[in-house]
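Shown here: upload.csv, CSV, C-alpha atoms.
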chain,number,residue,atom,x,y,z
A,363,LEU,CA,25.3,24.9,-36.8
A,364,ALA,CA,26.1,27.4,-39.6
A,365,TYR,CA,27.7,29.7,-37.0
A,366,LYS,CA,29.8,26.9,-35.6
A,367,ILE,CA,31.0,25.7,-39.0
A,368,ALA,CA,31.8,29.3,-40.1
A,369,HIS,CA,33.7,30.0,-36.8
A,370,SER,CA,35.7,26.8,-37.3
A,371,ILE,CA,36.6,27.7,-40.9
A,372,LYS,CA,37.6,31.2,-39.8
A,373,LYS,CA,39.7,29.8,-37.0
A,374,LEU,CA,41.5,27.4,-39.4
A,375,ASN,CA,42.2,30.1,-42.0
A,376,PRO,CA,41.6,33.6,-40.7
A,377,GLU,CA,43.5,35.4,-43.5
A,378,GLU,CA,41.9,34.0,-46.6
A,379,THR,CA,38.3,33.6,-45.5
A,380,HIS,CA,35.3,35.9,-45.5
A,381,SER,CA,33.8,37.2,-42.3
A,382,ILE,CA,32.0,34.8,-40.0
A,383,GLU,CA,28.7,36.5,-40.8
A,384,ILE,CA,29.1,36.1,-44.5
A,385,MET,CA,30.1,32.4,-44.2
A,386,GLN,CA,27.3,31.8,-41.7
A,387,TYR,CA,24.7,33.3,-44.1
A,388,SER,CA,25.9,31.2,-47.0
A,389,LEU,CA,26.2,28.0,-44.9
A,390,ALA,CA,22.7,28.6,-43.5
A,391,ILE,CA,21.3,28.6,-47.0
A,392,ILE,CA,23.2,25.4,-47.9
A,393,LEU,CA,22.2,23.6,-44.7
A,394,ASN,CA,18.5,24.7,-45.0
A,395,THR,CA,18.4,23.5,-48.6
A,396,LEU,CA,20.0,20.2,-47.6
A,397,LEU,CA,17.6,19.7,-44.7
A,398,ILE,CA,14.6,20.3,-47.0
A,399,PHE,CA,15.9,18.0,-49.7
A,400,MET,CA,16.9,15.2,-47.3
A,401,THR,CA,13.7,15.3,-45.3
A,402,SER,CA,11.5,15.5,-48.4
A,403,ALA,CA,13.4,12.6,-50.0
A,404,LEU,CA,13.0,10.5,-46.8
A,405,LEU,CA,9.3,11.2,-46.7
A,406,GLY,CA,9.0,10.6,-50.4
A,407,TRP,CA,10.7,7.3,-50.0
A,408,ILE,CA,8.5,6.3,-47.0
A,409,THR,CA,5.4,7.1,-49.0
A,410,GLY,CA,6.5,5.5,-52.2
A,411,LYS,CA,6.8,8.8,-54.1
A,412,LEU,CA,10.6,9.4,-54.0
A,413,GLU,CA,11.0,10.0,-57.7
A,414,GLU,CA,8.1,12.5,-57.8
A,415,THR,CA,9.3,14.2,-54.7
A,416,ILE,CA,12.8,14.7,-56.2
A,417,ILE,CA,11.1,16.1,-59.4
A,418,VAL,CA,9.1,18.5,-57.3
A,419,PHE,CA,12.2,19.6,-55.4
A,420,PHE,CA,14.3,20.3,-58.5
A,421,SER,CA,11.4,21.8,-60.5
A,422,LEU,CA,10.5,24.1,-57.7
A,423,SER,CA,14.2,25.1,-57.1
A,424,LEU,CA,14.9,25.8,-60.7
A,425,LEU,CA,11.8,28.0,-61.3
A,426,ARG,CA,12.3,29.8,-57.9
A,427,MET,CA,15.9,30.5,-58.7
A,428,LEU,CA,14.8,32.3,-61.9
A,429,SER,CA,11.5,33.8,-60.9
A,430,GLY,CA,12.1,34.7,-57.2
A,431,GLY,CA,9.2,34.8,-54.8
A,432,VAL,CA,8.2,35.9,-51.3
A,433,HIS,CA,10.1,34.6,-48.3
A,434,PHE,CA,9.0,33.6,-44.9
A,435,ARG,CA,10.2,35.6,-41.9
A,436,THR,CA,12.1,32.6,-40.5
A,437,ALA,CA,14.1,29.7,-41.9
A,438,ARG,CA,12.0,27.3,-39.9
A,439,ALA,CA,8.8,28.4,-41.6
A,440,CYS,CA,10.5,28.2,-45.0
A,441,ASN,CA,11.7,24.7,-44.2
A,442,ILE,CA,8.3,23.5,-43.0
A,443,PHE,CA,6.5,25.0,-46.0
A,444,SER,CA,9.0,23.7,-48.5
A,445,ILE,CA,8.9,20.2,-47.1
A,446,MET,CA,5.1,20.2,-47.1
A,447,VAL,CA,5.1,21.3,-50.8
A,448,CYS,CA,7.7,18.8,-51.9
A,449,THR,CA,6.0,15.9,-50.1
A,450,SER,CA,2.3,16.8,-50.7
A,451,ILE,CA,2.4,17.6,-54.5
A,452,PRO,CA,3.3,14.1,-55.5
A,453,HIS,CA,0.2,12.9,-53.7
A,454,LEU,CA,-2.1,15.7,-55.1
A,455,SER,CA,-0.9,15.6,-58.7
A,456,SER,CA,-3.1,12.7,-59.7
A,457,TYR,CA,-6.1,15.0,-59.1
A,458,THR,CA,-4.7,17.6,-61.5
A,459,ILE,CA,-4.1,15.2,-64.5
A,460,ASP,CA,-7.2,16.7,-66.3
A,461,PHE,CA,-6.1,20.2,-65.5
A,462,ILE,CA,-2.5,20.2,-66.7
A,463,TRP,CA,-3.2,22.7,-69.4
A,464,LEU,CA,-5.1,24.9,-67.0
A,465,THR,CA,-2.3,24.8,-64.4
A,466,ASN,CA,0.3,25.5,-67.1
A,467,CYS,CA,-1.6,28.4,-68.5
A,468,LEU,CA,-2.2,29.9,-65.1
A,469,SER,CA,1.5,29.6,-64.2
A,470,LEU,CA,2.5,31.1,-67.5
A,471,VAL,CA,0.2,34.1,-67.1
A,472,ILE,CA,1.4,34.7,-63.6
A,473,ILE,CA,5.1,34.4,-64.7
A,474,ILE,CA,4.4,36.9,-67.6
A,475,LEU,CA,2.8,39.4,-65.3
A,476,PHE,CA,5.0,39.2,-62.2
A,477,ALA,CA,8.4,37.5,-62.9
A,478,PRO,CA,10.9,38.0,-61.7
A,479,ASN,CA,10.2,39.0,-58.1
A,480,PRO,CA,13.7,38.5,-56.6
A,481,ASP,CA,14.7,38.8,-53.0
A,482,PRO,CA,15.9,42.4,-52.4
A,483,ASN,CA,19.1,40.9,-50.8
A,484,SER,CA,19.9,39.0,-54.0
A,485,GLN,CA,21.4,42.1,-55.7
A,486,ILE,CA,20.4,40.9,-59.1
A,487,PRO,CA,20.9,43.8,-61.6
A,488,GLN,CA,17.7,45.0,-63.1
A,489,ARG,CA,19.1,44.7,-66.6
A,490,LEU,CA,18.9,40.9,-66.1
A,491,TYR,CA,15.2,40.9,-65.2
A,492,PRO,CA,14.0,40.5,-68.8
A,493,VAL,CA,16.4,37.4,-69.2
A,494,LEU,CA,15.0,35.9,-65.9
A,495,LYS,CA,11.5,36.5,-67.1
A,496,VAL,CA,12.1,34.8,-70.5
A,497,LEU,CA,13.9,31.9,-68.8
A,498,SER,CA,11.0,31.5,-66.3
A,499,MET,CA,8.5,31.5,-69.2
A,500,LEU,CA,10.5,28.9,-71.1
A,501,ILE,CA,10.7,26.6,-68.1
A,502,VAL,CA,7.0,26.8,-67.5
A,503,THR,CA,6.3,26.3,-71.3
A,504,THR,CA,8.3,23.1,-71.3
A,505,ASN,CA,5.5,21.4,-69.3
A,506,PHE,CA,3.1,21.9,-72.3
A,507,PHE,CA,5.3,19.3,-73.9
A,508,ILE,CA,6.2,17.2,-70.9
A,509,THR,CA,2.6,17.3,-69.7
A,510,SER,CA,3.5,16.3,-66.1
A,511,SER,CA,0.8,16.9,-63.5
A,512,VAL,CA,3.5,17.0,-60.8
A,513,ILE,CA,5.5,19.7,-62.6
A,514,GLY,CA,2.4,21.6,-63.6
A,515,LEU,CA,1.3,21.8,-60.0
A,516,VAL,CA,4.7,22.7,-58.6
A,517,PHE,CA,5.0,25.5,-61.2
A,518,LEU,CA,1.6,26.8,-60.2
A,519,VAL,CA,2.5,26.8,-56.5
A,520,GLN,CA,5.8,28.6,-57.3
A,521,SER,CA,4.3,31.1,-59.6
A,522,LEU,CA,1.8,32.1,-56.9
A,523,THR,CA,4.7,33.0,-54.6
A,524,ILE,CA,5.9,35.7,-57.1
A,525,ILE,CA,2.7,37.7,-56.9
A,526,PRO,CA,3.6,40.9,-54.9
A,527,LEU,CA,2.0,40.8,-51.5
A,528,GLN,CA,0.3,44.2,-51.8
A,529,ARG,CA,-1.7,42.8,-54.8
A,530,ARG,CA,-2.6,39.6,-53.0
A,531,ASN,CA,-4.3,41.7,-50.2
A,532,LYS,CA,-6.5,43.7,-52.6

Starting from the coordinates I provided, produce the structure as structure tokens.
Amino acid sequence: LAYKIAHSIKKLNPEETHSIEIMQYSLAIILNTLLIFMTSALLGWITGKLEETIIVFFSLSLLRMLSGGVHFRTARACNIFSIMVCTSIPHLSSYTIDFIWLTNCLSLVIIILFAPNPDPNSQIPQRLYPVLKVLSMLIVTTNFFITSSVIGLVFLVQSLTIIPLQRRNK
């Protein structure tokens, strides 16, 4: 779908558009994000957890944008995992109500140790890494005041994705 849209855009305005490959890459990111959001929102609505599902989606997206994290090999795997996270955390969060401080502390320690861990393709200058780390820390710290079990659990899940793979295997 991304290729077809990019090809159509290029055909309509060949002089002032980027290459089909660049547009396809960008459109694929947008379409995948939209698919994850819409599917998660639909499942959240069906299960009566729409508000919590939306909170999970945006909390996860915000922290991931700043802290980075590992990627799956395929967009399909990413979509499935992301939808599972967005739709399961609202149902699991009631079990973590007593552990909000623990999940917050674990997330914060992981962020301090490993953030940011950006995608190598993102081309983020290394001089911005300290800013991304501090912003990630601030976002996780906000849940000490909000005390949301949903946000605490999603921050923990996201923080686990920034641990470098070679350290996870040891």

9 Å contact set for stretch 420-437 of chain A, only C-alpha atoms, chain neighbours under 5 positions out, as a ChimeraX atom specification:
/A:390-391,394,415,442,448,473,476-481,494-495,497-498,501-502,513,516-517,519-527

- Interatomic distance, atom CA of A:Ile451 to atom CA of A:Val418 (Å, one decimal):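 Atom CA of A:Ile451 sits 7.3 Å away from atom CA of A:Val418.
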
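Using all atoms listed in the file, the smallest distance between any of A:Asp460, A:Glu377, A:Glu383, A:Glu413 and A:Gly514 comes from A:Asp460.
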